[in-house]
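Take a look at the structure set out below.
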Amino acid sequence: MAPKRRLPFAKKRSKRSHFRVLFFVLLCVLAAAVFFIGWDQGDTPAVPSKKVAKWREWQSLQDLKSLFSKEVLDVIVSSTNDMGPLSLDNFRKNNLSASWRVAGLETSNATYELTQPTTHARQEKPKAKEDKSSDGRAQWSYSPTQQARRQLIEKRRGKRAAEFVKLDDEVIVKLENTAIERSQSVESAVLGKYSIWRKEMENENVDSTVRLMRDQIIMARVYLSIAKMKNKLELYQELQSRLKESQRVFGDRSSDADLQHSAHEKMKAMGQVLSKAREQLYDCKLVTGKLRAMLQTADEQVRSMKKQSIFLSQLAAKTIPNGIHCLSMRLTIDYNLLPLEKRKFYMSENLENPSLYHYALFSDNVLAASVVVNSTIMNAKDPSMHVFHLVTDKLNFGAMNMWFLLNPPGKATIHVENVDDFKWLNSSYCPVLRQLESATMKEYYFKAGHSNSLSSGASNLKYRNPKYLSMLNHLRFYLPQVYPKLDKILFLDDDIIVQKDLTGLWDVNLNGKVNGAVETCGESFHRFDKYLNFSNPHIARNFDPNACGWAYGMNIFDLKEWKTKDITGIYHKWQNMNEDRLLWKLGTLPPGLITFYGLTHPLNKLWHVLGLGYNPSVDRLEIENAAVVHYNGNMKPWLEIAMTKYRSYWTKHVKYDHPYLRNCKLNE
């Protein structure tokens with residue numbers, strides 16, 4: 001019954017609670033309405049008041065701090081300053097780091113900034129703080145967070161710049177070191193000059209008087225010709241008189257120091273006449289034509305002098321210096337006065353011993369042969385193991401014997417033979433001797449009316465050199481016949497010097513080849529097409545025009561393989577085919593290339609360096625490191641036309657204090 005009594009009271013209390021809930025809901029709605037009205041009105045001072053707004057902003061910032069870390073809030077503040085309000089949703093989606101920054105976007109003049117701790121969950125329009133500089137341009141103030149971030153950015157930029165500077169410094173140092181290395185090879189380099197190559201440019205005033213006088217003489221000749229053409233006789237005579245005076249003073253002088261004291265007066269007088277001639281005669285077309293004609297004449301003279309120089313060098317190469325001829329004659333006379341028992345060399349038992357190191361040297365030059373032998377013995381590790389086989393002609397046989405009897409090569413063995421004593425070497429066996437006896441060859445070499453003048457050409461004179469007629473030059477194709485008991489022999493020319501021990505050549509494996517030689521071909525020169533006539537079908541069918549050439553002068557020959565492959569027979573075959581000189585010109589290198597085609601083993605280039613008789617640019621380091629240095633070419637070291645820069649390598653092996661050399665006036 002009790003519950004029934006309490007029912008009215010319960011209903012009354014329930015109504016009261018419903019009323020309270022309804023009142024609270026209505027109050028929340030009104031508060032929200034007031035809030036949104038204040039939001040939409042923005043800066044209107046109506047509702048809410050400034051204190052309430054600040055309190056709400058502070059409350060919102062506290063809510064944000066509870067949701068995000070301080071690092072994220074710093075990014076939000078700095079980012080809004082650069083590009084306006086930042087969406088927090090976008091930040092969450094992209095998971096940006098603290099170093100995040102938008103690049104490539106232009107910021108507006110108004111920089112957005114969250115001033116004080118006022119951030120709202122919704123995007124709101126911040127106010128920009130702007131100051132004016134003295135020049136009227138806007139300057140922006142930064143918060144401590146922005147300043148810290150900017151300092152971090154500047155620090156990174158400085159570090160990166162330092163890395164680039166360091167890298168640039170390393171590159172510059174490398175370039176400087178390279179330039180220093182290159183400059184060391186230029187001995188004549190002078191800093192600050194117009195040219196490091198031309199010495200006359202080191203001083204602009206060097207020999208200026210000589211150059212000016214030379215120019216005056218040229219112009220005087222031009223105006224002299226024009227004055228004669230225009231019939232200006234008075235001016236013509238005056239120019240001619242001044243020209244003779246200047247030429248007399250100038251002569252062949254090449255420096256101001258060599259000029260006479262009156263040179264300046266003559267130059268001044270010539271200048272006055274030229275000035276007068278210019279006023280009366282100058283015509284641009286005429287002057288240009290005269291200068292062009294003079295240039296053409298000078299060019300023709302240069303070509304003529306060059307041709308004459310080649311001719312004279314070929315002629316000089318054919319001659320024997322008076323001193324060497326005197327030496328040969330004196331030695332021959334003294335040899336003929338020797339008793340027979342004193343004309344013999346010792347250790348003749350070594351001549352056919354195949355276990356020793358044998359050299360073949362064919363020469364008619366006593367002095368050159370002595371240098372080859374002396375330089376070889378000087379650099380030999382064990383001279384007693386070396387045997388020299390010298391072959392010369394009948395004219396120099398006594399001189400060669402007498403020299404080595406007076407100057408024996410230490411413990412080495414030496415033997416001198418006369419090529420005319422080889423009775424088997426006759427015209428019936430040797431094609432070259434047979435061809436020399438033919439009428440066409442005699443006409444080519446010995447006809448009285450045959451001109452050896454400059455007009456006949458230097459190239460023709462080259463192939464009329466007596467060495468091409470000498471059997472000493474062709475004896476290299478008969479080594480097994482001359483030395484039948486030997487297995488290997490080293491062939492040496494008489495225009496070489498030896499700078500190192502050569503015994504290592506006997507240990508070189510020729511791989512079944514006959515000839516060991518240094519190749520001489522480059523990219524396009526010293527190949528077979530330079531020496532052989534490939535328009536001939538016999539040559540074209542059997543040889544490659546691009547095959548690499550090699551050099552005579554230092555060759556190691558395997559005489560066993562020579563006999564097996566009948567090298568001398570191959571030589572005879574091709575020599576007979578060349579009787580009319582249609583396959584190659586005269587000489588021994590072209591038939592050598594043919595005979596040993598496919599049978600030559602290339603040696604290391606340091607064994608044999610060539611070119612000291614014609615090439616002025618042979619590397620000095622190559623010369624000093626070479627085992628054998630070869631003066632191939634016309635400028636032999638015993639001739640006056642030899643290149644001075646290379647001559648010392650040869651002269652140091654000559655005994656200039658020897659009585660015979662002094663009596664024949666042979667000196668350095």
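Naming scheme: A, B, ... for chains in displayed order of the structure tokens; residues 1 onward per chain; ligands 1 onward as shown.
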Please report, as CSV, each residue of stretch 460-573 of chain A lying at most 6 Å from stretch 629-651 of chain A, together with the nearest pair of atoms and the separation in Å rounded to one decimal; use only C-alpha atoms, and order rows by chain and ascending residue number.
residue,atom,partner,partner_atom,distance
A:Asp495,CA,A:Tyr631,CA,5.5
A:Ile496,CA,A:His630,CA,4.4
A:Ile497,CA,A:Val629,CA,5.5
Write to file, as a PDB file, in the first residue's frame, the residues of the selection just made, with C-alpha atoms.
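So out10.pdb came out as:
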ATOM      1  CA  ASP A 495     126.499   4.062 -87.322  1.00  0.00           C
ATOM      2  CA  ILE A 496     125.307   2.879 -83.912  1.00  0.00           C
ATOM      3  CA  ILE A 497     126.594   3.098 -80.357  1.00  0.00           C
TER       4      ILE A 497
END
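Close contacts of stretch 528-540 of chain A, defined as residues with an atom at most 6 Å away when counting only C-alpha atoms, with chain neighbours fewer than 3 positions off set aside, comprise Phe543, Pro545, Ala547, Leu583, Trp584 and Pro590 of chain A.
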With N, CA, C and O atoms retained, could you export that selection as a compact mmCIF listing (two decimals), in the first residue's frame?
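Dumped to again_8.txt:
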# COMPACT_ATOMS: atom_id res chain seq x y z
N PHE A 543 101.99 -9.33 -100.45
CA PHE A 543 102.28 -8.56 -99.24
C PHE A 543 101.14 -7.61 -98.89
O PHE A 543 100.36 -7.20 -99.75
N PRO A 545 100.07 -3.99 -97.75
CA PRO A 545 100.66 -2.64 -97.77
C PRO A 545 100.72 -1.99 -96.39
O PRO A 545 101.52 -1.08 -96.16
N ALA A 547 101.44 -3.64 -93.62
CA ALA A 547 102.32 -4.41 -92.73
C ALA A 547 103.38 -3.48 -92.13
O ALA A 547 103.86 -2.55 -92.79
N LEU A 583 110.17 -3.35 -108.59
CA LEU A 583 109.53 -3.76 -107.33
C LEU A 583 109.90 -2.82 -106.18
O LEU A 583 109.09 -2.53 -105.32
N TRP A 584 111.14 -2.35 -106.17
CA TRP A 584 111.61 -1.39 -105.18
C TRP A 584 112.85 -0.70 -105.71
O TRP A 584 113.48 -1.15 -106.67
N PRO A 590 114.22 -2.67 -98.35
CA PRO A 590 113.08 -3.27 -99.06
C PRO A 590 113.22 -4.78 -99.30
O PRO A 590 112.28 -5.53 -98.99
Can you tell me which residues surround stretch 510-520 of chain A at a distance of at most 6 Å, considering only C-alpha atoms, apart from same-chain residues fewer than 6 positions away, and format the answer as a compact mmCIF listing (two decimals) with N, CA, C and O atoms, in the first residue's frame?
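Contents of part_26.txt, freshly written:
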# COMPACT_ATOMS: atom_id res chain seq x y z
N GLY A 549 106.82 -2.03 -90.85
CA GLY A 549 108.23 -2.13 -91.18
C GLY A 549 109.07 -2.30 -89.93
O GLY A 549 108.61 -2.12 -88.80
N TRP A 550 110.31 -2.66 -90.11
CA TRP A 550 111.25 -2.81 -89.00
C TRP A 550 112.60 -2.24 -89.43
O TRP A 550 112.77 -1.84 -90.58
N ASN A 555 120.05 -6.39 -85.18
CA ASN A 555 119.16 -7.52 -85.44
C ASN A 555 119.80 -8.80 -84.92
O ASN A 555 120.97 -9.06 -85.18
N ILE A 556 119.01 -9.57 -84.18
CA ILE A 556 119.46 -10.88 -83.71
C ILE A 556 118.91 -11.93 -84.68
O ILE A 556 117.70 -12.00 -84.91
N PHE A 557 119.80 -12.72 -85.29
CA PHE A 557 119.41 -13.70 -86.29
C PHE A 557 119.63 -15.11 -85.75
O PHE A 557 120.69 -15.42 -85.20
N ASP A 558 118.61 -15.96 -85.94
CA ASP A 558 118.72 -17.38 -85.63
C ASP A 558 119.18 -18.09 -86.91
O ASP A 558 118.39 -18.30 -87.84
N GLU A 561 117.35 -21.51 -87.94
CA GLU A 561 116.08 -21.29 -88.63
C GLU A 561 116.32 -20.69 -90.01
O GLU A 561 115.56 -20.95 -90.96
N TRP A 562 117.33 -19.87 -90.14
CA TRP A 562 117.68 -19.27 -91.43
C TRP A 562 117.93 -20.37 -92.46
O TRP A 562 117.39 -20.33 -93.58
N LEU A 599 108.53 -13.55 -90.84
CA LEU A 599 109.60 -14.27 -90.13
C LEU A 599 110.36 -13.35 -89.18
O LEU A 599 111.49 -13.66 -88.78
N THR A 600 109.76 -12.21 -88.82
CA THR A 600 110.41 -11.23 -87.94
C THR A 600 109.68 -11.15 -86.61
O THR A 600 108.45 -10.97 -86.56
N HIS A 601 110.44 -11.28 -85.53
CA HIS A 601 109.88 -11.18 -84.18
C HIS A 601 110.13 -9.77 -83.65
O HIS A 601 111.28 -9.31 -83.62
N PRO A 602 109.08 -9.02 -83.25
CA PRO A 602 109.29 -7.64 -82.77
C PRO A 602 109.95 -7.61 -81.39
O PRO A 602 109.52 -8.31 -80.47
N LEU A 603 110.98 -6.79 -81.27
CA LEU A 603 111.67 -6.60 -79.99
C LEU A 603 111.14 -5.35 -79.29
O LEU A 603 110.51 -4.49 -79.91
N LYS A 605 111.10 -1.76 -77.93
CA LYS A 605 111.66 -0.57 -78.58
C LYS A 605 112.87 0.00 -77.85
O LYS A 605 113.67 0.73 -78.44
- Name the closest residue to A:Asp256 among the candidates A:Ser208, A:Lys655, A:Lys268, A:Ser275; distances are taken between atoms, counting only C-alpha atoms. A:Ser208
- Query: Contacts of A:Leu406 at 12 Å or less, counting only C-alpha atoms, minus same-chain residues fewer than 2 places along, as a PyMOL selection string?
  - Reply: chain A and resi 331+334-335+338+342-345+370+399-404+408-410+658-660
- Would you please work out which residue, of A:Asn473, A:Thr376, A:Gln301, A:Asn353, is nearest to A:Lys488 when using only C-alpha atoms?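 For A:Lys488, the nearest of the given residues is A:Asn353.
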- Item | Separation of atom CA of A:Arg160 from atom CA of A:Pro144, in Å and rounded to one decimal |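 Calculated distance between atom CA of A:Arg160 and atom CA of A:Pro144 is 24.3 Å.
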- Message: If DSSP is run on the backbone, what residues of stretch 284-466 of chain A are helix (DSSP H, G or I)? A reply as a ChimeraX atom specification would be ideal.
- Response: /A:284-318,322-336,340-342,348-352,366-378,383-385,397-406,419-421,431-436,439-446,454-456,458-462,466
